[in-house]
$ cat input-v6.cif   # mmCIF, C-alpha atoms
data_run
loop_
_atom_site.group_PDB
_atom_site.id
_atom_site.type_symbol
_atom_site.label_atom_id
_atom_site.label_comp_id
_atom_site.auth_asym_id
_atom_site.auth_seq_id
_atom_site.Cartn_x
_atom_site.Cartn_y
_atom_site.Cartn_z
ATOM 1 C CA MET A 102 -19.865 -23.544 17.859
ATOM 2 C CA ARG A 103 -19.567 -26.681 15.793
ATOM 3 C CA SER A 104 -16.472 -28.434 14.509
ATOM 4 C CA LEU A 105 -15.748 -28.627 10.794
ATOM 5 C CA SER A 106 -15.828 -31.952 9.008
ATOM 6 C CA GLU A 107 -12.855 -33.279 7.040
ATOM 7 C CA ALA A 108 -14.419 -32.187 3.733
ATOM 8 C CA GLU A 109 -15.105 -28.675 5.062
ATOM 9 C CA MET A 110 -11.542 -28.356 6.387
ATOM 10 C CA LYS A 111 -10.163 -29.224 2.950
ATOM 11 C CA GLU A 112 -12.212 -26.369 1.430
ATOM 12 C CA VAL A 113 -10.806 -23.700 3.760
ATOM 13 C CA LYS A 114 -8.263 -21.489 1.988
ATOM 14 C CA GLY A 115 -5.853 -19.229 3.828
ATOM 15 C CA GLY A 116 -3.523 -16.429 2.941
ATOM 16 C CA GLU A 117 -5.932 -13.667 1.933
ATOM 17 C CA ALA A 118 -4.908 -11.388 4.800
ATOM 18 C CA ILE A 119 -1.200 -11.819 4.071
ATOM 19 C CA THR A 120 -1.738 -11.131 0.371
ATOM 20 C CA LEU A 121 -3.806 -8.023 1.052
ATOM 21 C CA SER A 122 -1.239 -6.737 3.556
ATOM 22 C CA ALA A 123 1.595 -7.283 1.084
ATOM 23 C CA VAL A 124 -0.251 -5.474 -1.713
ATOM 24 C CA LEU A 125 -1.089 -2.503 0.523
ATOM 25 C CA ALA A 126 2.498 -2.323 1.788
ATOM 26 C CA LEU A 127 3.884 -2.298 -1.767
ATOM 27 C CA MET A 128 1.416 0.379 -2.834
ATOM 28 C CA SER A 129 2.344 2.635 0.083
ATOM 29 C CA ILE A 130 6.082 2.114 -0.536
ATOM 30 C CA ALA A 131 5.565 3.034 -4.192
ATOM 31 C CA LEU A 132 3.636 6.186 -3.266
ATOM 32 C CA VAL A 133 6.289 7.332 -0.795
ATOM 33 C CA SER A 134 9.028 6.600 -3.340
ATOM 34 C CA VAL A 135 7.352 8.737 -6.004
ATOM 35 C CA ILE A 136 6.837 11.618 -3.570
ATOM 36 C CA ALA A 137 10.456 11.459 -2.392
ATOM 37 C CA TYR A 138 11.739 11.333 -5.981
ATOM 38 C CA LYS A 139 9.661 14.348 -7.002
ATOM 39 C CA LEU A 140 10.722 16.344 -3.954
ATOM 40 C CA PHE A 141 14.459 15.676 -4.128
ATOM 41 C CA PHE A 142 15.104 15.535 -7.885
ATOM 42 C CA SER A 143 12.902 18.301 -9.247
ATOM 43 C CA GLU A 144 14.269 21.535 -10.683
ATOM 44 C CA GLY A 145 12.124 24.112 -8.879
ATOM 45 C CA GLY A 146 12.540 23.047 -5.283
ATOM 46 C CA GLY A 147 9.883 20.410 -5.387
ATOM 47 C CA LYS A 148 6.186 20.582 -4.819
ATOM 48 C CA VAL A 149 3.825 17.621 -4.885
ATOM 49 C CA THR A 150 0.047 17.874 -4.747
ATOM 50 C CA LEU A 151 -1.907 14.656 -4.232
ATOM 51 C CA PRO A 152 -5.614 14.061 -4.750
ATOM 52 C CA GLY A 153 -7.564 14.973 -1.653
ATOM 53 C CA GLY A 154 -5.772 18.253 -1.051
ATOM 54 C CA PHE A 155 -2.513 16.907 0.377
ATOM 55 C CA SER A 156 0.421 19.096 -0.586
ATOM 56 C CA PHE A 157 4.127 18.588 0.091
ATOM 57 C CA SER A 158 6.910 21.024 -0.702
ATOM 58 C CA TRP A 159 10.683 21.013 -0.434
ATOM 59 C CA GLU A 160 12.393 24.395 -0.548
#
$ encode --input "input-v6.cif" --output "structure tokens"
Amino acid sequence: MRSLSEAEMKEVKGGEAITLSAVLALMSIALVSVIAYKLFFSEGGGKVTLPGGFSFSWE
């Protein structure tokens, strides 16, 4: 394994993993929030069907 030169080290950018993790975390929080809102504040007891066949109900 070789060492990077000064010019190559200046070209290295970091932070992609942190950004991707933050975006995925926010998306999952948003999805859970929408499901919880639909279950607890709906008129008919609450039933949520997501793409892929996932179904949640609150009776």
$ residues_around --input "input-v6.cif" --residues "Ala137 in chain A" --least-positions-apart "4" --cutoff "12 Å" --atoms "only C-alpha atoms" --output "count of residues only"
13
$ axis_aligned_box --input "input-v6.cif" --around "range 110-128 of chain A" --padding-each-side "3 Å" --output "lines of an AutoDock Vina configuration file"
center_x = -4.2
center_y = -14.4
center_z = 1.8
size_x = 22.1
size_y = 35.6
size_z = 15.2
$ atom_distance --input "input-v6.cif" --atom1 "CA of Leu105 in chain A" --atom2 "CA of Thr120 in chain A"
24.7 Å
